[in-house]
Structures are given as structure tokens and as C-alpha cells.
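Engineer: Contents of structure_13.txt (compact mmCIF, C-alpha atoms):
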```
# COMPACT_ATOMS: atom_id res chain seq x y z
CA MET A 1 -8.94 3.64 6.32
CA ARG A 2 -10.80 6.60 4.91
CA LYS A 3 -11.34 6.89 1.17
CA ASP A 4 -11.35 10.60 0.50
CA THR A 5 -8.54 11.75 -1.78
CA ARG A 6 -7.61 8.21 -2.90
CA LEU A 7 -3.92 9.16 -2.55
CA ILE A 8 -1.46 7.28 -0.32
CA LEU A 9 2.03 8.68 0.22
CA ALA A 10 4.82 6.11 0.01
CA LEU A 11 7.30 7.60 2.45
CA ASP A 12 10.65 5.98 1.73
CA GLU A 13 12.51 9.04 2.97
CA THR A 14 15.20 7.94 5.46
CA ASP A 15 15.68 11.22 7.31
CA ARG A 16 13.28 11.28 10.28
CA LYS A 17 12.83 15.05 10.46
CA LYS A 18 12.35 15.42 6.74
CA ALA A 19 9.87 12.53 6.68
CA LEU A 20 7.70 14.16 9.34
CA ASP A 21 7.94 17.53 7.62
CA ILE A 22 6.75 16.05 4.31
CA VAL A 23 3.76 14.36 5.96
CA ASP A 24 2.77 17.60 7.65
CA LYS A 25 2.94 19.44 4.32
CA VAL A 26 0.80 16.97 2.38
CA SER A 27 -1.59 15.88 5.14
CA ASN A 28 -4.59 17.60 3.52
CA TYR A 29 -4.12 15.62 0.31
CA ILE A 30 -3.53 12.05 1.47
CA ASP A 31 -5.65 9.29 2.95
CA ALA A 32 -2.68 7.45 4.49
CA VAL A 33 1.08 7.09 4.61
CA LYS A 34 2.75 3.88 3.50
CA ILE A 35 6.08 3.18 5.16
CA ASN A 36 8.60 0.52 4.29
CA TRP A 37 11.84 -0.82 5.73
CA PRO A 38 14.05 2.15 4.68
CA LEU A 39 12.31 4.54 7.10
CA VAL A 40 11.84 1.97 9.87
CA LEU A 41 15.47 0.87 9.73
CA SER A 42 16.81 4.42 9.71
CA ALA A 43 14.43 6.09 12.18
CA GLY A 44 13.27 3.14 14.26
CA PRO A 45 9.93 1.35 14.62
CA GLU A 46 8.65 4.14 16.86
CA MET A 47 8.08 6.05 13.61
CA ILE A 48 4.99 3.89 13.10
CA THR A 49 3.51 5.27 16.31
CA GLU A 50 4.62 8.83 15.69
CA LEU A 51 3.19 8.92 12.19
CA SER A 52 -0.02 7.19 13.28
CA LYS A 53 -0.81 10.28 15.34
CA ARG A 54 -1.01 12.22 12.07
CA THR A 55 -2.80 9.80 9.72
CA ASP A 56 -3.45 6.14 8.95
CA ILE A 57 -0.27 4.12 8.48
CA VAL A 58 0.18 1.25 6.05
CA CYS A 59 3.17 -0.90 7.00
CA ASP A 60 4.48 -2.15 3.69
CA PHE A 61 6.62 -4.91 5.14
CA LYS A 62 5.67 -7.35 2.35
CA VAL A 63 5.64 -10.06 4.98
CA ALA A 64 6.63 -13.39 3.44
CA ASP A 65 7.28 -16.10 5.99
CA ILE A 66 5.88 -19.04 7.94
CA PRO A 67 2.66 -18.40 9.89
CA ASN A 68 4.33 -17.89 13.28
CA THR A 69 6.70 -15.24 11.95
CA VAL A 70 3.87 -13.60 10.04
CA HIS A 71 1.91 -13.45 13.28
CA LEU A 72 4.77 -11.78 15.16
CA ILE A 73 5.42 -9.14 12.49
CA VAL A 74 1.77 -8.24 11.94
CA GLU A 75 1.06 -8.17 15.68
CA ASN A 76 3.98 -5.84 16.36
CA ALA A 77 3.11 -3.49 13.50
CA ILE A 78 -0.49 -3.16 14.69
CA SER A 79 0.52 -2.70 18.32
CA ARG A 80 2.60 0.30 17.25
CA GLY A 81 -0.31 1.92 15.42
CA ALA A 82 -0.48 0.47 11.90
CA SER A 83 -3.90 0.63 10.27
CA ALA A 84 -2.90 -1.84 7.56
CA VAL A 85 -0.10 -4.30 6.78
CA ILE A 86 0.97 -5.47 3.33
CA VAL A 87 1.92 -9.13 3.00
CA HIS A 88 2.96 -11.41 0.15
CA ALA A 89 0.45 -14.02 -0.94
CA PHE A 90 2.91 -16.44 -2.53
CA THR A 91 3.74 -17.94 0.86
CA GLY A 92 0.41 -19.73 0.74
CA GLU A 93 -2.96 -19.98 2.39
CA ASP A 94 -1.74 -20.78 5.91
CA SER A 95 0.50 -17.72 6.18
CA LEU A 96 -2.09 -15.44 4.59
CA THR A 97 -4.82 -16.70 6.89
CA GLU A 98 -2.57 -16.13 9.89
CA ALA A 99 -2.05 -12.51 8.86
CA VAL A 100 -5.81 -11.96 8.57
CA ASN A 101 -6.50 -13.68 11.91
CA THR A 102 -3.78 -11.70 13.67
CA ALA A 103 -5.08 -8.38 12.35
CA GLY A 104 -8.65 -9.22 13.32
CA LYS A 105 -10.73 -6.06 13.47
CA ASP A 106 -7.78 -3.87 14.48
CA ALA A 107 -6.22 -3.46 11.03
CA GLU A 108 -6.51 -4.42 7.37
CA ILE A 109 -4.37 -6.94 5.50
CA TYR A 110 -3.44 -6.26 1.87
CA ALA A 111 -2.00 -9.07 -0.24
CA VAL A 112 0.42 -8.47 -3.11
CA THR A 113 -0.77 -9.92 -6.41
CA GLU A 114 2.13 -8.69 -8.51
CA MET A 115 4.92 -6.14 -8.18
CA SER A 116 4.90 -2.90 -10.15
CA HIS A 117 8.50 -3.02 -11.44
CA PRO A 118 9.43 -4.84 -14.70
CA GLY A 119 10.70 -7.85 -12.76
CA GLY A 120 7.20 -8.31 -11.39
CA LYS A 121 6.23 -9.83 -14.74
CA MET A 122 8.64 -12.72 -14.28
CA PHE A 123 7.05 -14.61 -11.39
CA THR A 124 4.33 -12.88 -9.37
CA ALA A 125 2.34 -11.77 -12.43
CA LEU A 126 2.14 -15.35 -13.65
CA HIS A 127 0.19 -16.34 -10.54
CA ALA A 128 -1.48 -13.03 -9.68
CA GLU A 129 -5.02 -14.16 -10.36
CA GLU A 130 -4.54 -17.38 -8.37
CA MET A 131 -3.24 -15.33 -5.45
CA ALA A 132 -6.17 -12.93 -5.72
CA ARG A 133 -8.64 -15.82 -5.50
CA MET A 134 -6.76 -17.23 -2.52
CA GLY A 135 -6.77 -13.82 -0.85
CA VAL A 136 -10.53 -13.59 -1.20
CA LYS A 137 -10.85 -17.06 0.35
CA CYS A 138 -8.57 -16.07 3.24
CA GLY A 139 -10.51 -12.87 3.91
CA VAL A 140 -7.97 -10.16 3.19
CA ALA A 141 -9.30 -6.60 3.07
CA GLY A 142 -7.57 -5.77 -0.18
CA PHE A 143 -4.83 -6.28 -2.71
CA ILE A 144 -1.82 -4.60 -4.28
CA ALA A 145 -2.00 -4.37 -8.09
CA PRO A 146 0.37 -2.41 -10.36
CA ALA A 147 -0.49 1.04 -11.72
CA THR A 148 2.26 0.43 -14.27
CA ARG A 149 -0.01 -2.19 -15.85
CA PRO A 150 -3.60 -0.89 -15.51
CA GLU A 151 -4.98 -3.89 -17.37
CA ARG A 152 -3.77 -6.04 -14.48
CA VAL A 153 -5.63 -3.82 -12.02
CA LYS A 154 -8.78 -4.40 -14.06
CA ALA A 155 -8.20 -8.17 -14.12
CA ILE A 156 -7.76 -8.31 -10.34
CA ARG A 157 -10.86 -6.15 -9.81
CA GLU A 158 -12.95 -8.66 -11.74
CA ILE A 159 -11.84 -11.42 -9.35
CA ILE A 160 -12.03 -9.71 -5.96
CA GLY A 161 -15.38 -7.95 -6.15
CA ASN A 162 -15.67 -5.00 -3.77
CA ARG A 163 -12.45 -5.62 -1.84
CA LYS A 164 -9.98 -2.75 -1.99
CA ILE A 165 -7.05 -2.25 -4.34
CA MET A 166 -3.97 -0.14 -3.66
CA SER A 167 -2.01 0.57 -6.81
CA PRO A 168 1.71 1.50 -6.69
CA GLY A 169 4.04 2.61 -9.46
CA ILE A 170 2.73 6.13 -10.09
CA GLY A 171 5.15 8.78 -11.31
CA ALA A 172 8.75 7.59 -11.04
CA GLN A 173 7.85 4.12 -12.35
CA GLY A 174 5.69 5.51 -15.12
CA GLY A 175 2.19 4.71 -13.89
CA SER A 176 -0.75 7.10 -14.13
CA ALA A 177 -3.02 7.87 -11.17
CA SER A 178 -6.07 8.44 -13.36
CA ALA A 179 -5.46 5.25 -15.36
CA ALA A 180 -5.13 3.16 -12.20
CA ILE A 181 -8.31 4.57 -10.66
CA SER A 182 -10.18 4.14 -13.94
CA ALA A 183 -9.06 0.50 -14.06
CA GLY A 184 -10.53 -0.17 -10.63
CA ALA A 185 -8.02 0.91 -7.99
CA ASP A 186 -9.38 2.43 -4.79
CA TYR A 187 -6.10 4.11 -3.89
CA VAL A 188 -2.95 5.09 -5.75
CA ILE A 189 0.41 4.95 -4.00
CA VAL A 190 2.88 7.70 -4.88
CA GLY A 191 6.35 8.04 -3.41
CA ARG A 192 9.35 9.70 -5.05
CA SER A 193 7.28 12.07 -7.17
CA ILE A 194 6.05 13.62 -3.92
CA TYR A 195 8.75 13.24 -1.30
CA LYS A 196 11.57 14.18 -3.68
CA SER A 197 9.65 17.12 -5.11
CA GLU A 198 10.76 20.68 -4.43
CA ASP A 199 7.12 21.34 -3.52
CA PRO A 200 5.57 18.12 -2.11
CA GLU A 201 2.32 19.88 -1.24
CA ALA A 202 1.76 21.17 -4.77
CA THR A 203 2.63 17.80 -6.28
CA ALA A 204 0.20 15.96 -3.99
CA LYS A 205 -2.50 18.52 -4.76
CA ASN A 206 -2.00 18.04 -8.52
CA ILE A 207 -2.36 14.29 -8.21
CA CYS A 208 -5.54 14.68 -6.19
CA GLU A 209 -6.96 16.99 -8.86
CA GLU A 210 -6.09 14.43 -11.53
CA ILE A 211 -8.01 11.79 -9.59
CA ARG A 212 -11.00 14.02 -8.87
CA ALA A 213 -11.31 14.84 -12.57
CA ILE A 214 -12.27 11.26 -13.41
CA LEU A 215 -14.52 10.44 -10.44
```
What does the file become when written as C-alpha cells?

Structural biologist:
Amino acid sequence: MRKDTRLILALDETDRKKALDIVDKVSNYIDAVKINWPLVLSAGPEMITELSKRTDIVCDFKVADIPNTVHLIVENAISRGASAVIVHAFTGEDSLTEAVNTAGKDAEIYAVTEMSHPGGKMFTALHAEEMARMGVKCGVAGFIAPATRPERVKAIREIIGNRKIMSPGIGAQGGSASAAISAGADYVIVGRSIYKSEDPEATAKNICEEIRAIL
């Protein structure tokens, strides 16, 4: 994926027409669109393909299963146009390796180290650094680390070297785009603050300006 604005839109909008309209409005300010189950379940998996014609698509399916099921999900997402797939690391080395092998050179795999919501502190955060080390061993392209806890982004950066970090939790969850980038994130993921805004384009532009100011 390109690394221009450093902004990724988390598009959890469930109305197909509105989702496409938002992407068209903010296309000049984003490097990719991250979609999750809400949009896929409401509009169908063909949305991956349709959106991929506009920009890079990150399928945030947080895949967490045995290797064979991981293979099937990642393979299907990529065949429909995904540029990246997000998977959980807690399932272990075999499942994570299968995701990387399935993606090959066609897409990137990002492993979750810890979730951005408060509950993420209970379990995933306790093993985040272990999972980051395992992800490096398995060859993932990058990791998910929480913008709501910039110090955790910094800690993961120290472990993974030059691999990429996507950082969610900006805006509605209280995270700061500039703080996440300063801590070592390559991309910030922003959802509700943009797609629920009365002016998504202006909101996306403001976030990009915030990021540019510290680069």
C-alpha cells in the first residue's frame, strides 16, 4: 500500500450507497479503506471488489482460527481485491504463518498486538510484545497497535524494526493521530469521526494536516 497521507478510513458504514459516497468524497486524503464485517454483511463481499477499484482495501476480518480456515478466509479476501488482511496473532504461529503464506506477494498480513478499546488491556495487551516477536518470526508485513495508548505503539515499534504499524482508536475512542504517528505508527485508522461527520472531506483533510504538521 502507498504511504502518502498516512490516513486509513475505517468504513463501518452499513449503507452501501452512503459508503461509496463517503469514499469518493475523501479519496484525496486517504491511503486506503479498512472494511470490517458490518459493511460486508450488509452490502455483500462484492463490496471488497467494488471499493478496490477506488483505493487499496484492508479487510479487517481479525481472522482467528485454525490454519485451514485462515487460509480460506485470506484467500477469498485477496481474490476479491484486498490489498491487506488483518488477523489475530493469539491463535499461534501455525495460523499466523498460514496467513502469510496464503497472502504471498499478492497482499500484506497485519497481526493484532492489542485492541484499542479498554478491554484490550485485559488479555491481548498482556501478551502484545510476545505476539509482535512471533509476528516478526512469521514474516507478517505489519502490526496493529492502539492509538489510544501511544506508549504501546512505541513499545511495539522497538520490537518490530521497520515493519509497518497501523494504529486504530483515533477520534471517537480518544486517540490522537499526531501522537500515534510520533510514537512510531505508519498509518492511523479513523472511522466514526470521518464517516459520521457532516463533512467527511473536511474532517479527513484536517486529520491529514495534523499528521503533516509533525512529519

Engineer: In Å to one decimal, how far is atom CA of Asp94 of chain A from atom CA of Ile159 of chain A?

Structural biologist: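 Between these atoms lies a distance of 20.6 Å.
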
Engineer: Quick one: residues within 12 Å of Asn76 of chain A, all atoms listed in the file, excluding same-chain residues fewer than 4 positions away - as a VMD selection string?

Structural biologist: chain A and resid 45 to 46 48 to 49 59 61 69 to 72 80 to 85 99 102 to 103 107

Engineer: Could you check how far atom CA of Ala155 of chain A sits from atom CA of Ala132 of chain A, in Å to one decimal?

Structural biologist: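 Atom-to-atom, atom CA of Ala155 of chain A and atom CA of Ala132 of chain A are spaced 9.9 Å apart.
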
Engineer: Could you check which of A:Thr113, A:Asn162, A:Ser193, A:Ser27 is closest to Phe143 of chain A, using only C-alpha atoms?

Structural biologist: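 Among the listed residues, the smallest separation from Phe143 of chain A belongs to A:Thr113.
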
Engineer: Can you tell me how far atom CA of Leu41 of chain A sits from atom CA of Glu198 of chain A, in Å to one decimal?

Structural biologist: 24.8 Å

Engineer: Just checking: using only C-alpha atoms, which residue out of A:Val188, A:Arg54, A:Ile165, A:Ala19 ends up closest to Leu39 of chain A?

Structural biologist: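 Comparing A:Val188, A:Arg54, A:Ile165, A:Ala19 against Leu39 of chain A, the winner is A:Ala19.
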
Engineer: Got a sec: who's within 8 Å of Cys208 of chain A, counting only C-alpha atoms, leaving out chain neighbours fewer than 5 positions off, as a count of residues only?

Structural biologist: 4

Engineer: Counting all atoms listed in the file, figure out which residue out of A:Ser116, A:Ser197, A:Asn36, A:Asn28 gets nearest to Ala10 of chain A.

Structural biologist: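 Distance minimum relative to Ala10 of chain A lands on A:Asn36.
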
Engineer: Of the residues A:Gly171, A:Pro200, A:Gly104, A:Gly184, which is the one nearest to Ile78 of chain A, using all atoms listed in the file?

Structural biologist: A:Gly104

Engineer: Just the residues within 12 Å of Leu20 of chain A, please, counting only C-alpha atoms, with nothing from its chain fewer than 2 positions along; format it as a VMD selection string.

Structural biologist: chain A and resid 11 to 18 22 to 27 33 35 39 43 47 to 48 50 to 55 195

Engineer: Compare A:Met134, A:Ala147, A:Val63, A:Ile57 by their minimum atom-to-atom distance to Pro118 of chain A, counting only C-alpha atoms, and give me the closest one.

Structural biologist: A:Ala147

Engineer: Can you report as AutoDock Vina command-line options the centre and edge lengths in Å, to one decimal, of an axis-aligned box around the listed atoms of segment 192-208 of chain A padded with 3 Å on each side?

Structural biologist:
```
--center_x 3.0 --center_y 15.5 --center_z -4.9 --size_x 23.1 --size_y 17.6 --size_z 13.3
```

Engineer: Given the choices A:Glu75, A:Thr203, A:Ala141, A:Thr124, which gets closest to Gly161 of chain A if the distance is worked out from only C-alpha atoms?

Structural biologist: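 The shortest atom-to-atom distance to Gly161 of chain A comes from A:Ala141.
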
Engineer: Find the residues with any atom within 12 Å of (-12.2, 9.6, -3.0); use only C-alpha atoms and the coordinates as given in the file, and write the answer as a PyMOL selection string.

Structural biologist: chain A and resi 1-8+29-31+181+185-188+208-215

Engineer: Give me, as a PyMOL selection string, all polymer residues having an atom no more than 9 Å from segment 172-175 of chain A, counting all atoms listed in the file and skipping those fewer than 5 positions away in the same chain.

Structural biologist: chain A and resi 116-117+146-150+180+190-193

Engineer: Tell me which protein, DNA and RNA residues are within 10 Å of Ala125 of chain A, counting all atoms listed in the file, leaving out same-chain ones fewer than 4 positions away, and put them as a PyMOL selection string.

Structural biologist: chain A and resi 113-116+119-121+129-131+145-146+152

Engineer: As a tab-separated table (two decimals), keeping the file's coordinate frame, could you write out segment 58-84 of chain A once it has been completed with N, CA and C atoms?

Structural biologist:
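What follows is the written file rebuild.tsv:
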```
chain	number	residue	atom	x	y	z
A	58	VAL	N	0.11	2.55	6.69
A	58	VAL	CA	0.18	1.25	6.05
A	58	VAL	C	1.62	0.76	6.16
A	59	CYS	N	1.83	-0.32	6.88
A	59	CYS	CA	3.17	-0.90	7.00
A	59	CYS	C	3.42	-1.84	5.83
A	60	ASP	N	4.19	-1.37	4.89
A	60	ASP	CA	4.48	-2.15	3.69
A	60	ASP	C	5.71	-3.03	3.95
A	61	PHE	N	5.52	-4.02	4.79
A	61	PHE	CA	6.62	-4.91	5.14
A	61	PHE	C	6.69	-6.12	4.21
A	62	LYS	N	5.71	-6.23	3.30
A	62	LYS	CA	5.67	-7.35	2.35
A	62	LYS	C	6.05	-8.65	3.05
A	63	VAL	N	5.33	-8.92	4.12
A	63	VAL	CA	5.64	-10.06	4.98
A	63	VAL	C	5.54	-11.36	4.17
A	64	ALA	N	6.59	-12.14	4.20
A	64	ALA	CA	6.63	-13.39	3.44
A	64	ALA	C	7.37	-14.44	4.26
A	65	ASP	N	6.63	-15.16	5.09
A	65	ASP	CA	7.28	-16.10	5.99
A	65	ASP	C	6.29	-17.16	6.46
A	66	ILE	N	6.75	-18.02	7.37
A	66	ILE	CA	5.88	-19.04	7.94
A	66	ILE	C	4.85	-18.36	8.84
A	67	PRO	N	3.73	-19.04	9.13
A	67	PRO	CA	2.66	-18.40	9.89
A	67	PRO	C	3.09	-17.78	11.22
A	68	ASN	N	3.94	-18.45	11.98
A	68	ASN	CA	4.33	-17.89	13.28
A	68	ASN	C	5.07	-16.56	13.13
A	69	THR	N	5.97	-16.48	12.17
A	69	THR	CA	6.70	-15.24	11.95
A	69	THR	C	5.78	-14.15	11.41
A	70	VAL	N	4.87	-14.54	10.53
A	70	VAL	CA	3.87	-13.60	10.04
A	70	VAL	C	3.07	-13.02	11.20
A	71	HIS	N	2.67	-13.89	12.10
A	71	HIS	CA	1.91	-13.45	13.28
A	71	HIS	C	2.69	-12.40	14.08
A	72	LEU	N	3.96	-12.67	14.33
A	72	LEU	CA	4.77	-11.78	15.16
A	72	LEU	C	4.97	-10.42	14.50
A	73	ILE	N	5.19	-10.41	13.19
A	73	ILE	CA	5.42	-9.14	12.49
A	73	ILE	C	4.13	-8.32	12.44
A	74	VAL	N	3.04	-8.95	12.04
A	74	VAL	CA	1.77	-8.24	11.94
A	74	VAL	C	1.33	-7.73	13.31
A	75	GLU	N	1.45	-8.56	14.32
A	75	GLU	CA	1.06	-8.17	15.68
A	75	GLU	C	1.85	-6.95	16.16
A	76	ASN	N	3.14	-6.96	15.91
A	76	ASN	CA	3.98	-5.84	16.36
A	76	ASN	C	3.66	-4.56	15.59
A	77	ALA	N	3.43	-4.67	14.29
A	77	ALA	CA	3.11	-3.49	13.50
A	77	ALA	C	1.81	-2.85	13.98
A	78	ILE	N	0.81	-3.68	14.24
A	78	ILE	CA	-0.49	-3.16	14.69
A	78	ILE	C	-0.38	-2.57	16.08
A	79	SER	N	0.38	-3.21	16.95
A	79	SER	CA	0.52	-2.70	18.32
A	79	SER	C	1.18	-1.32	18.35
A	80	ARG	N	1.94	-1.01	17.33
A	80	ARG	CA	2.60	0.30	17.25
A	80	ARG	C	1.76	1.34	16.53
A	81	GLY	N	0.60	0.93	16.01
A	81	GLY	CA	-0.31	1.92	15.42
A	81	GLY	C	-0.64	1.75	13.96
A	82	ALA	N	-0.19	0.67	13.32
A	82	ALA	CA	-0.48	0.47	11.90
A	82	ALA	C	-1.97	0.23	11.69
A	83	SER	N	-2.50	0.85	10.66
A	83	SER	CA	-3.90	0.63	10.27
A	83	SER	C	-4.02	-0.49	9.24
A	84	ALA	N	-2.90	-0.78	8.57
A	84	ALA	CA	-2.90	-1.84	7.56
A	84	ALA	C	-1.48	-2.38	7.43
```
